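Asks: Data file entry.txt (compact mmCIF, C-alpha atoms) is appended below.
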# COMPACT_ATOMS: atom_id res chain seq x y z
CA MET A 1 -17.48 -13.11 -2.21
CA ARG A 2 -16.59 -9.47 -2.87
CA PHE A 3 -14.50 -8.93 0.24
CA PHE A 4 -16.59 -6.05 1.58
CA LEU A 5 -16.57 -6.84 5.26
CA ILE A 6 -18.69 -4.04 6.61
CA ASP A 7 -22.30 -3.41 5.59
CA LYS A 8 -23.01 0.12 6.68
CA ILE A 9 -21.34 3.00 8.51
CA ILE A 10 -23.56 4.26 11.33
CA GLN A 11 -21.32 6.89 12.90
CA TRP A 12 -18.72 9.05 11.18
CA GLU A 13 -17.18 11.94 13.06
CA ILE A 14 -13.75 13.00 11.86
CA ASP A 15 -11.53 13.73 14.90
CA LYS A 16 -13.67 11.43 17.03
CA SER A 17 -14.67 7.97 15.92
CA ALA A 18 -16.47 5.86 13.34
CA LYS A 19 -18.76 2.90 13.77
CA ALA A 20 -19.98 0.30 11.29
CA VAL A 21 -22.29 -2.68 11.19
CA LYS A 22 -21.44 -6.16 9.96
CA ASN A 23 -24.29 -8.63 9.75
CA ILE A 24 -23.20 -12.25 9.64
CA SER A 25 -25.19 -14.36 7.20
CA LEU A 26 -25.10 -18.13 6.77
CA SER A 27 -25.08 -17.55 3.00
CA GLU A 28 -21.54 -16.14 3.14
CA ASP A 29 -19.15 -18.36 1.19
CA PHE A 30 -16.46 -18.89 3.79
CA PHE A 31 -18.85 -20.83 6.04
CA ASP A 32 -18.43 -23.83 3.69
CA ASP A 33 -14.95 -24.32 5.09
CA HIS A 34 -15.05 -22.44 8.37
CA PHE A 35 -16.30 -24.82 9.63
CA PRO A 36 -18.37 -27.55 8.00
CA ARG A 37 -19.92 -28.66 11.30
CA MET A 38 -20.02 -25.35 13.13
CA PRO A 39 -20.15 -22.10 11.13
CA VAL A 40 -17.96 -19.53 12.86
CA MET A 41 -16.98 -16.13 11.46
CA PRO A 42 -13.20 -16.31 10.86
CA GLY A 43 -11.34 -14.08 13.30
CA VAL A 44 -9.20 -12.65 10.51
CA LEU A 45 -12.32 -11.56 8.61
CA ILE A 46 -13.59 -9.73 11.69
CA LEU A 47 -10.17 -8.04 11.77
CA GLU A 48 -10.45 -7.34 8.04
CA GLY A 49 -13.81 -5.60 8.57
CA MET A 50 -12.36 -3.57 11.45
CA ALA A 51 -9.36 -2.71 9.23
CA GLN A 52 -11.60 -1.67 6.32
CA LEU A 53 -13.42 0.77 8.60
CA SER A 54 -10.20 1.91 10.30
CA GLY A 55 -8.28 2.36 7.05
CA ILE A 56 -10.89 4.41 5.26
CA PHE A 57 -11.54 6.48 8.40
CA LEU A 58 -7.82 7.23 8.71
CA GLU A 59 -7.62 8.15 5.01
CA GLU A 60 -10.55 10.55 5.34
CA THR A 61 -9.06 12.00 8.54
CA ILE A 62 -5.76 12.94 6.86
CA LYS A 63 -7.64 14.19 3.82
CA SER A 64 -9.68 16.49 6.04
CA LYS A 65 -6.87 17.55 8.40
CA MET A 66 -3.76 17.54 6.21
CA ASP A 67 -5.27 17.84 2.75
CA ILE A 68 -3.45 14.77 1.45
CA GLU A 69 -4.99 11.84 -0.36
CA LYS A 70 -3.30 8.54 0.37
CA LYS A 71 -4.14 4.87 0.59
CA ALA A 72 -3.68 3.37 4.06
CA LEU A 73 -1.98 -0.02 3.98
CA MET A 74 -2.14 -2.20 7.07
CA SER A 75 1.37 -2.92 8.32
CA ILE A 76 1.03 -4.08 11.94
CA ILE A 77 -1.77 -5.58 14.02
CA ASP A 78 -0.95 -5.30 17.71
CA LYS A 79 -2.23 -6.79 20.97
CA THR A 80 -5.31 -8.49 19.62
CA LYS A 81 -7.74 -10.49 21.72
CA PHE A 82 -10.81 -12.47 20.66
CA ARG A 83 -13.19 -12.83 23.60
CA ASP A 84 -16.07 -14.67 21.95
CA ILE A 85 -16.92 -16.38 18.68
CA SER A 86 -19.44 -14.98 16.19
CA LYS A 87 -21.97 -17.03 14.28
CA PRO A 88 -24.58 -16.57 11.54
CA GLY A 89 -27.39 -14.30 12.74
CA ASP A 90 -25.08 -12.17 14.87
CA GLN A 91 -24.72 -8.46 14.25
CA LEU A 92 -21.32 -6.95 15.00
CA ILE A 93 -20.60 -3.27 15.57
CA TYR A 94 -17.07 -2.16 14.75
CA SER A 95 -15.57 1.05 16.11
CA ALA A 96 -12.46 2.92 15.03
CA GLU A 97 -10.64 5.77 16.73
CA VAL A 98 -7.58 7.42 15.19
CA THR A 99 -4.95 7.71 17.94
CA ASN A 100 -2.02 9.11 15.99
CA TYR A 101 -1.05 10.13 12.46
CA ASN A 102 1.49 12.04 10.41
CA ASP A 103 2.30 12.18 6.68
CA ILE A 104 3.90 8.71 6.75
CA GLY A 105 1.21 6.70 8.50
CA GLY A 106 -1.19 6.42 11.40
CA LYS A 107 -2.49 4.28 14.24
CA VAL A 108 -6.10 3.30 14.91
CA ARG A 109 -7.62 1.64 17.95
CA SER A 110 -10.50 -0.60 16.95
CA GLU A 111 -13.06 -2.71 18.80
CA ALA A 112 -15.88 -5.08 17.87
CA TYR A 113 -19.05 -5.51 19.89
CA LYS A 114 -21.84 -8.08 19.86
CA ASN A 115 -24.97 -7.24 21.83
CA ASP A 116 -23.04 -4.37 23.49
CA LYS A 117 -20.40 -6.81 24.70
CA LEU A 118 -16.78 -6.28 23.68
CA ILE A 119 -15.63 -9.33 21.69
CA VAL A 120 -12.51 -8.16 19.83
CA SER A 121 -10.00 -5.41 20.54
CA THR A 122 -6.96 -4.51 18.47
CA ASN A 123 -4.58 -1.77 17.35
CA PHE A 124 -3.74 -1.19 13.70
CA THR A 125 -0.73 0.60 12.27
CA PHE A 126 -1.11 1.80 8.69
CA ILE A 127 1.44 3.23 6.33
CA PHE A 128 0.40 5.61 3.55
CA ASN A 129 0.85 4.92 -0.15
CA ASP A 130 0.17 7.25 -3.02
CA ILE A 131 -2.96 6.48 -5.01
CA ASP A 132 -2.04 6.72 -8.66
CA ASP A 133 -4.97 4.71 -9.96
CA GLU A 134 -8.01 6.77 -10.96
CA TYR A 135 -10.27 3.71 -11.03
CA LEU A 136 -9.27 2.74 -7.49
CA LYS A 137 -9.90 6.31 -6.31
CA ARG A 138 -13.31 6.31 -7.97
CA ASP A 139 -14.25 2.90 -6.59
CA ARG A 140 -13.20 3.79 -3.06
CA LYS A 141 -15.23 7.02 -3.22
CA ARG A 142 -18.28 5.10 -4.40
CA LEU A 143 -17.81 2.46 -1.73
CA LEU A 144 -17.58 5.07 1.02
CA GLU A 145 -20.75 6.74 -0.29
CA LEU A 146 -22.50 3.37 -0.27
CA TRP A 147 -21.38 2.60 3.27
CA LEU A 148 -22.45 6.09 4.38
CA ASP A 149 -25.82 5.75 2.60
CA LYS A 150 -25.13 8.79 0.44
CA ASN A 151 -26.41 7.12 -2.75
CA MET B 1 -15.19 -19.63 -2.95
CA LYS B 2 -13.03 -21.82 -0.78
CA PHE B 3 -11.66 -20.50 2.47
CA ARG B 4 -8.48 -22.53 2.15
CA PHE B 5 -5.15 -20.79 2.02
CA VAL B 6 -2.54 -23.54 2.15
CA ASP B 7 -1.66 -25.11 -1.21
CA LYS B 8 1.05 -27.52 -0.13
CA ILE B 9 2.60 -28.84 3.05
CA LEU B 10 6.34 -29.31 2.56
CA GLU B 11 7.57 -30.70 5.83
CA TYR B 12 6.57 -31.01 9.46
CA LYS B 13 7.83 -32.28 12.77
CA VAL B 14 5.23 -33.07 15.41
CA ASN B 15 5.13 -30.58 18.31
CA ASP B 16 7.81 -28.50 16.60
CA TYR B 17 7.32 -26.90 13.17
CA ILE B 18 5.57 -27.11 9.81
CA THR B 19 6.40 -25.54 6.46
CA GLY B 20 4.08 -25.01 3.53
CA ILE B 21 3.24 -22.94 0.48
CA LYS B 22 0.59 -20.47 -0.57
CA SER B 23 0.64 -19.69 -4.32
CA LEU B 24 -1.24 -16.60 -5.38
CA SER B 25 -3.22 -16.79 -8.60
CA LEU B 26 -4.79 -13.86 -10.45
CA GLU B 27 -7.90 -16.03 -10.62
CA GLU B 28 -8.51 -15.56 -6.89
CA TYR B 29 -11.56 -13.47 -6.17
CA PHE B 30 -10.13 -10.88 -3.81
CA LEU B 31 -7.34 -9.60 -6.07
CA LEU B 32 -9.40 -6.84 -7.62
CA ARG B 33 -11.21 -4.90 -4.96
CA PRO B 34 -11.82 -1.25 -4.29
CA THR B 35 -10.75 -1.51 -0.66
CA GLY B 36 -7.16 -2.33 -1.48
CA LEU B 37 -4.40 -2.00 -3.98
CA LYS B 38 -4.95 -3.99 -7.14
CA ASN B 39 -3.65 -7.52 -7.31
CA SER B 40 -2.43 -7.79 -3.74
CA PHE B 41 -3.45 -10.44 -1.26
CA PRO B 42 -5.31 -8.88 1.71
CA PRO B 43 -2.99 -8.90 4.74
CA SER B 44 -5.69 -10.49 6.91
CA LEU B 45 -5.71 -13.51 4.57
CA ILE B 46 -1.91 -13.75 4.62
CA ALA B 47 -2.32 -14.17 8.38
CA GLU B 48 -5.09 -16.72 7.83
CA SER B 49 -2.69 -18.75 5.64
CA LEU B 50 -0.29 -19.02 8.58
CA PHE B 51 -3.07 -19.94 11.01
CA GLN B 52 -4.37 -22.64 8.69
CA LEU B 53 -0.87 -24.09 8.29
CA GLY B 54 -0.46 -23.99 12.07
CA ASN B 55 -3.69 -25.90 12.45
CA PHE B 56 -2.33 -28.78 10.38
CA LEU B 57 0.62 -28.96 12.79
CA ILE B 58 -1.74 -28.90 15.76
CA PHE B 59 -3.82 -31.62 14.12
CA LYS B 60 -0.73 -33.84 13.79
CA THR B 61 0.56 -32.96 17.27
CA PHE B 62 -2.58 -33.21 19.40
CA LYS B 63 -4.72 -36.18 18.54
CA ASN B 64 -8.11 -35.10 17.15
CA LYS B 65 -7.66 -31.44 18.05
CA ILE B 66 -7.34 -28.25 16.10
CA ALA B 67 -7.37 -24.68 17.39
CA TYR B 68 -9.21 -21.43 16.88
CA LEU B 69 -7.39 -18.14 17.17
CA SER B 70 -7.91 -16.47 20.53
CA MET B 71 -5.22 -13.77 20.69
CA PHE B 72 -1.89 -12.63 19.37
CA LYS B 73 0.76 -10.15 20.43
CA LYS B 74 1.78 -8.77 17.07
CA ILE B 75 1.52 -9.50 13.36
CA GLU B 76 3.72 -7.50 11.01
CA PHE B 77 3.20 -7.22 7.26
CA HIS B 78 6.52 -6.36 5.67
CA ASN B 79 5.77 -6.57 1.95
CA GLN B 80 2.79 -7.19 -0.27
CA LEU B 81 1.98 -10.57 -1.73
CA THR B 82 0.91 -10.29 -5.34
CA ARG B 83 -0.25 -12.48 -8.23
CA GLY B 84 2.33 -15.00 -9.32
CA ASP B 85 4.07 -14.99 -5.92
CA VAL B 86 4.71 -18.24 -4.08
CA MET B 87 4.95 -17.66 -0.36
CA THR B 88 6.83 -20.20 1.72
CA MET B 89 5.52 -20.32 5.27
CA ARG B 90 6.85 -21.73 8.48
CA VAL B 91 4.96 -22.07 11.76
CA GLU B 92 6.66 -23.11 15.00
CA ILE B 93 5.06 -24.17 18.26
CA VAL B 94 6.54 -22.08 21.09
CA LYS B 95 4.77 -23.73 24.01
CA THR B 96 1.57 -25.39 25.17
CA ILE B 97 -0.33 -24.13 28.20
CA GLU B 98 -3.31 -26.28 29.25
CA ASP B 99 -5.73 -26.07 26.31
CA SER B 100 -3.84 -23.34 24.47
CA VAL B 101 -0.93 -23.41 22.03
CA MET B 102 1.41 -20.49 21.41
CA PHE B 103 3.10 -20.31 18.05
CA ASN B 104 5.13 -18.01 15.82
CA GLY B 105 4.94 -17.84 12.04
CA TYR B 106 6.80 -16.42 9.08
CA GLY B 107 6.18 -16.04 5.36
CA PHE B 108 8.74 -15.34 2.63
CA VAL B 109 8.79 -15.02 -1.15
CA GLY B 110 12.41 -15.89 -1.89
CA ASP B 111 14.39 -13.55 0.37
CA ARG B 112 11.53 -11.06 0.63
CA LYS B 113 9.87 -11.16 4.04
CA ILE B 114 6.08 -10.95 3.80
CA ILE B 115 4.73 -11.57 7.29
CA THR B 116 5.88 -12.23 10.84
CA GLY B 117 3.48 -13.42 13.53
CA HIS B 118 4.58 -13.20 17.17
CA ASN B 119 3.07 -15.11 20.08
CA CYS B 120 -0.17 -16.19 18.46
CA ILE B 121 -2.37 -18.24 20.76
CA GLY B 122 -4.89 -20.83 19.61
CA THR B 123 -7.37 -22.55 21.89
CA LEU B 124 -7.60 -26.29 21.32
CA ILE B 125 -10.95 -27.80 20.43
CA ASP B 126 -12.04 -31.32 19.51
CA ILE B 127 -11.88 -31.56 15.77
CA ASP B 128 -15.18 -33.40 15.45
CA LYS B 129 -17.00 -30.27 16.65
CA LEU B 130 -15.78 -28.45 13.54
CA TYR B 131 -14.84 -30.95 10.85
CA ASN B 132 -15.41 -34.52 9.91
CA PRO B 133 -12.04 -35.80 11.23
CA GLU B 134 -11.64 -38.25 8.34
CA LYS B 135 -12.15 -35.47 5.80
CA TYR B 136 -9.65 -33.24 7.58
CA GLN B 137 -7.12 -36.07 7.52
CA MET B 138 -7.81 -36.48 3.80
CA MET B 139 -7.31 -32.76 3.31
CA PHE B 140 -3.97 -33.00 5.11
CA GLU B 141 -2.92 -35.96 2.97
CA SER B 142 -3.89 -34.15 -0.22
CA LEU B 143 -1.59 -31.26 0.75
CA TYR B 144 1.23 -33.42 2.05
CA THR B 145 1.87 -35.93 -0.70
CA GLU B 146 4.98 -37.77 -1.81
CA GLN B 147 5.21 -35.35 -4.72
CA THR B 148 5.33 -32.30 -2.50
CA ARG B 149 7.96 -33.66 -0.11
Please render this file's structure as structure tokens.

Replies:
Amino acid sequence: MRFFLIDKIIQWEIDKSAKAVKNISLSEDFFDDHFPRMPVMPGVLILEGMAQLSGIFLEETIKSKMDIEKKALMSIIDKTKFRDISKPGDQLIYSAEVTNYNDIGGKVRSEAYKNDKLIVSTNFTFIFNDIDDEYLKRDRKRLLELWLDKN
Amino acid sequence: MKFRFVDKILEYKVNDYITGIKSLSLEEYFLLRPTGLKNSFPPSLIAESLFQLGNFLIFKTFKNKIAYLSMFKKIEFHNQLTRGDVMTMRVEIVKTIEDSVMFNGYGFVGDRKIITGHNCIGTLIDIDKLYNPEKYQMMFESLYTEQTR
């Protein structure tokens, strides 16, 4: 497992919102343990996918609006509700909307949908860290280009 | 890859609390990834460690039940967990309402607070829908041995 928990970004409008797809495949490793008799996508990995979209969207928002390049680190997950389980074969759509930010951190409202039905809603708070690692910067840029189909 | 994030169970009291350990090894697959800082445990999996520990307490408290996460009020990540760290975790049952259990959880490395989970709610489900109950019991026993107590 590489810990990339979104497959493709399908909407990307700075100042508005971003959306991404996560297809759930039975071949994913975590289904061995979660659970042996009934494969269910772990709730925290749905949150991780939503946070990956939200974090990179927030980073690109402050880069575009404030001309600063920082890494967003998740610090708080607030008021989270799981309304349905997700299984292999399901396709999830994650959305992210930046609700607030300054030079210290930002907040993002995020939702997950399955067949147009809301299944997870949450609020992330991120704090910003300096990126002093050129390899990390390069890898994140490549990953965003991959998710955005720019390759 | 194993999706198992509790390495030892230290102590538990039925319907009350459980303590356990998650040791972070550089060998673990997610420690080098372009979506995060190098060598830090993803916060979502720190939370999963607490939930999995809580499930062992639920398993010992409610006969043949475990729970899946249905909601939580707030989870705070105070510090990063990095390679070589040993996080001690504690999960406490706050109350039980019909088929749901509310619990709080904490994780520390020494005096350094890593995570706090407030009012997490799990929905109880018969264990045999998810696991072979005997295997789950064996898993519990392998984590809670005389040597770890």

Asks: Within 10 Å of Ile9 of chain A, counting all atoms listed in the file, which residues qualify if same-chain residues fewer than 4 places away don't, as a compact mmCIF listing (two decimals) with C-alpha atoms, keeping the file's coordinate frame?

Replies:
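around_8.txt was written with the following content:
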# COMPACT_ATOMS: atom_id res chain seq x y z
CA ALA A 18 -16.47 5.86 13.34
CA LYS A 19 -18.76 2.90 13.77
CA ALA A 20 -19.98 0.30 11.29
CA VAL A 21 -22.29 -2.68 11.19
CA LYS A 22 -21.44 -6.16 9.96
CA LEU A 53 -13.42 0.77 8.60
CA ILE A 93 -20.60 -3.27 15.57
CA TYR A 94 -17.07 -2.16 14.75
CA SER A 95 -15.57 1.05 16.11
CA LEU A 144 -17.58 5.07 1.02
CA GLU A 145 -20.75 6.74 -0.29
CA LEU A 146 -22.50 3.37 -0.27
CA TRP A 147 -21.38 2.60 3.27
CA LEU A 148 -22.45 6.09 4.38
CA ASP A 149 -25.82 5.75 2.60

Asks: Considering only C-alpha atoms, extract the chain A residues located within 8 Å of chain B and return them as a VMD selection string.

Replies: chain A and resid 1 to 4 29 to 30 32 to 38 43 to 45 47 to 48 52 73 to 83 136 139 to 140 143

Asks: List the spatial neighbours of Pro88 of chain A as a PyMOL selection string - criterion: any atom at most 6 Å away, only C-alpha atoms, same-chain residues fewer than 5 positions off excluded.

Replies: chain A and resi 24-26

Asks: Quick one: of A:Ile46, A:Val120, A:Ala96, A:Ile127, who's nearest to Ile10 of chain A, counting all atoms listed in the file?

Replies: A:Ala96

Asks: Please measure the separation of atom CA of Ser110 of chain A and atom CA of Glu97 of chain A, giving the value in Å to one decimal.

Replies: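 Answer for the atom CA of Ser110 of chain A to atom CA of Glu97 of chain A separation: 6.4 Å.
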
Asks: From the list B:Ile58, B:Met102, B:Val109, B:Ile97, which residue is nearest Lys13 of chain B when using all atoms listed in the file?

Replies: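 Of all the options, B:Ile58 lies closest to Lys13 of chain B.
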
Asks: Enter the distance from atom CA of Ile114 of chain B to atom CA of Thr82 of chain B, in Å, rounded to one decimal.

Replies: 10.5 Å

Asks: What is the atom CA of Ala112 of chain A-atom CA of Ser27 of chain A distance in Å, reported with one decimal?

Replies: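 Separating atom CA of Ala112 of chain A from atom CA of Ser27 of chain A is a distance of 21.5 Å.
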
Asks: Which of these residues is nearest to Thr125 of chain A, using all atoms listed in the file: A:Asn23, A:Thr99, A:Ser64, A:Gln91?

Replies: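 Of the candidates, the smallest distance to Thr125 of chain A is held by A:Thr99.
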
Asks: So which residues touch Gly54 of chain B within 8 Å, counting only C-alpha atoms, skipping near sequence neighbours fewer than 5 positions away, as a PyMOL selection string?

Replies: chain B and resi 18+91-92+103

Asks: Excluding Leu143 of chain B and any residue of its chain fewer than 3 positions from it, enumerate the residues within 9 Å of it, using all atoms listed in the file, and give them as a PDB file with C-alpha atoms, in the coordinates of the input.

Replies:
ATOM      1  CA  VAL B   6      -2.540 -23.540   2.150  1.00  0.00           C
ATOM      2  CA  ASP B   7      -1.660 -25.110  -1.210  1.00  0.00           C
ATOM      3  CA  LYS B   8       1.050 -27.520  -0.130  1.00  0.00           C
ATOM      4  CA  ILE B   9       2.600 -28.840   3.050  1.00  0.00           C
ATOM      5  CA  LEU B  10       6.340 -29.310   2.560  1.00  0.00           C
ATOM      6  CA  GLY B  20       4.080 -25.010   3.530  1.00  0.00           C
ATOM      7  CA  MET B 138      -7.810 -36.480   3.800  1.00  0.00           C
ATOM      8  CA  MET B 139      -7.310 -32.760   3.310  1.00  0.00           C
ATOM      9  CA  PHE B 140      -3.970 -33.000   5.110  1.00  0.00           C
ATOM     10  CA  THR B 148       5.330 -32.300  -2.500  1.00  0.00           C
TER      11      THR B 148
END

Asks: Which of these residues is nearest to Lys16 of chain A, using all atoms listed in the file: A:Pro39, A:Asp132, A:Ile119, A:Val98?

Replies: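 Closest residue, counting all atoms listed in the file: A:Val98.
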
Asks: Starting from the sparse input, extend segment 86-99 of chain B to N, CA, C and O atoms and give the output as an mmCIF file, in the frame of the given file.

Replies:
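Contents of result32.cif, as written:
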data_model
loop_
_atom_site.group_PDB
_atom_site.id
_atom_site.type_symbol
_atom_site.label_atom_id
_atom_site.label_comp_id
_atom_site.auth_asym_id
_atom_site.auth_seq_id
_atom_site.Cartn_x
_atom_site.Cartn_y
_atom_site.Cartn_z
ATOM 1 N N VAL B 86 4.848 -16.990 -4.851
ATOM 2 C CA VAL B 86 4.710 -18.240 -4.080
ATOM 3 C C VAL B 86 5.323 -17.967 -2.713
ATOM 4 O O VAL B 86 6.529 -17.749 -2.596
ATOM 5 N N MET B 87 4.470 -17.958 -1.715
ATOM 6 C CA MET B 87 4.950 -17.660 -0.360
ATOM 7 C C MET B 87 5.241 -18.966 0.370
ATOM 8 O O MET B 87 4.391 -19.845 0.460
ATOM 9 N N THR B 88 6.470 -19.066 0.871
ATOM 10 C CA THR B 88 6.830 -20.200 1.720
ATOM 11 C C THR B 88 6.601 -19.795 3.165
ATOM 12 O O THR B 88 7.052 -18.734 3.588
ATOM 13 N N MET B 89 5.889 -20.653 3.891
ATOM 14 C CA MET B 89 5.520 -20.320 5.270
ATOM 15 C C MET B 89 6.114 -21.322 6.240
ATOM 16 O O MET B 89 6.306 -22.496 5.892
ATOM 17 N N ARG B 90 6.381 -20.847 7.426
ATOM 18 C CA ARG B 90 6.850 -21.730 8.480
ATOM 19 C C ARG B 90 6.139 -21.332 9.776
ATOM 20 O O ARG B 90 6.070 -20.136 10.113
ATOM 21 N N VAL B 91 5.602 -22.313 10.473
ATOM 22 C CA VAL B 91 4.960 -22.070 11.760
ATOM 23 C C VAL B 91 5.630 -22.968 12.792
ATOM 24 O O VAL B 91 5.862 -24.153 12.538
ATOM 25 N N GLU B 92 5.967 -22.364 13.936
ATOM 26 C CA GLU B 92 6.660 -23.110 15.000
ATOM 27 C C GLU B 92 5.856 -23.028 16.290
ATOM 28 O O GLU B 92 5.393 -21.944 16.663
ATOM 29 N N ILE B 93 5.712 -24.164 16.951
ATOM 30 C CA ILE B 93 5.060 -24.170 18.260
ATOM 31 C C ILE B 93 6.076 -23.659 19.290
ATOM 32 O O ILE B 93 7.205 -24.143 19.361
ATOM 33 N N VAL B 94 5.661 -22.652 20.052
ATOM 34 C CA VAL B 94 6.540 -22.080 21.090
ATOM 35 C C VAL B 94 6.334 -22.836 22.398
ATOM 36 O O VAL B 94 7.265 -23.282 23.037
ATOM 37 N N LYS B 95 5.069 -22.969 22.807
ATOM 38 C CA LYS B 95 4.770 -23.730 24.010
ATOM 39 C C LYS B 95 3.284 -24.059 24.066
ATOM 40 O O LYS B 95 2.465 -23.460 23.342
ATOM 41 N N THR B 96 2.968 -24.994 24.941
ATOM 42 C CA THR B 96 1.570 -25.390 25.170
ATOM 43 C C THR B 96 1.236 -25.114 26.622
ATOM 44 O O THR B 96 2.008 -25.491 27.512
ATOM 45 N N ILE B 97 0.115 -24.423 26.828
ATOM 46 C CA ILE B 97 -0.330 -24.130 28.200
ATOM 47 C C ILE B 97 -1.764 -24.610 28.309
ATOM 48 O O ILE B 97 -2.662 -24.021 27.697
ATOM 49 N N GLU B 98 -1.979 -25.673 29.089
ATOM 50 C CA GLU B 98 -3.310 -26.280 29.250
ATOM 51 C C GLU B 98 -3.942 -26.504 27.889
ATOM 52 O O GLU B 98 -3.422 -27.277 27.089
ATOM 53 N N ASP B 99 -5.059 -25.816 27.586
ATOM 54 C CA ASP B 99 -5.730 -26.070 26.310
ATOM 55 C C ASP B 99 -5.366 -25.032 25.251
ATOM 56 O O ASP B 99 -6.099 -24.830 24.286
#
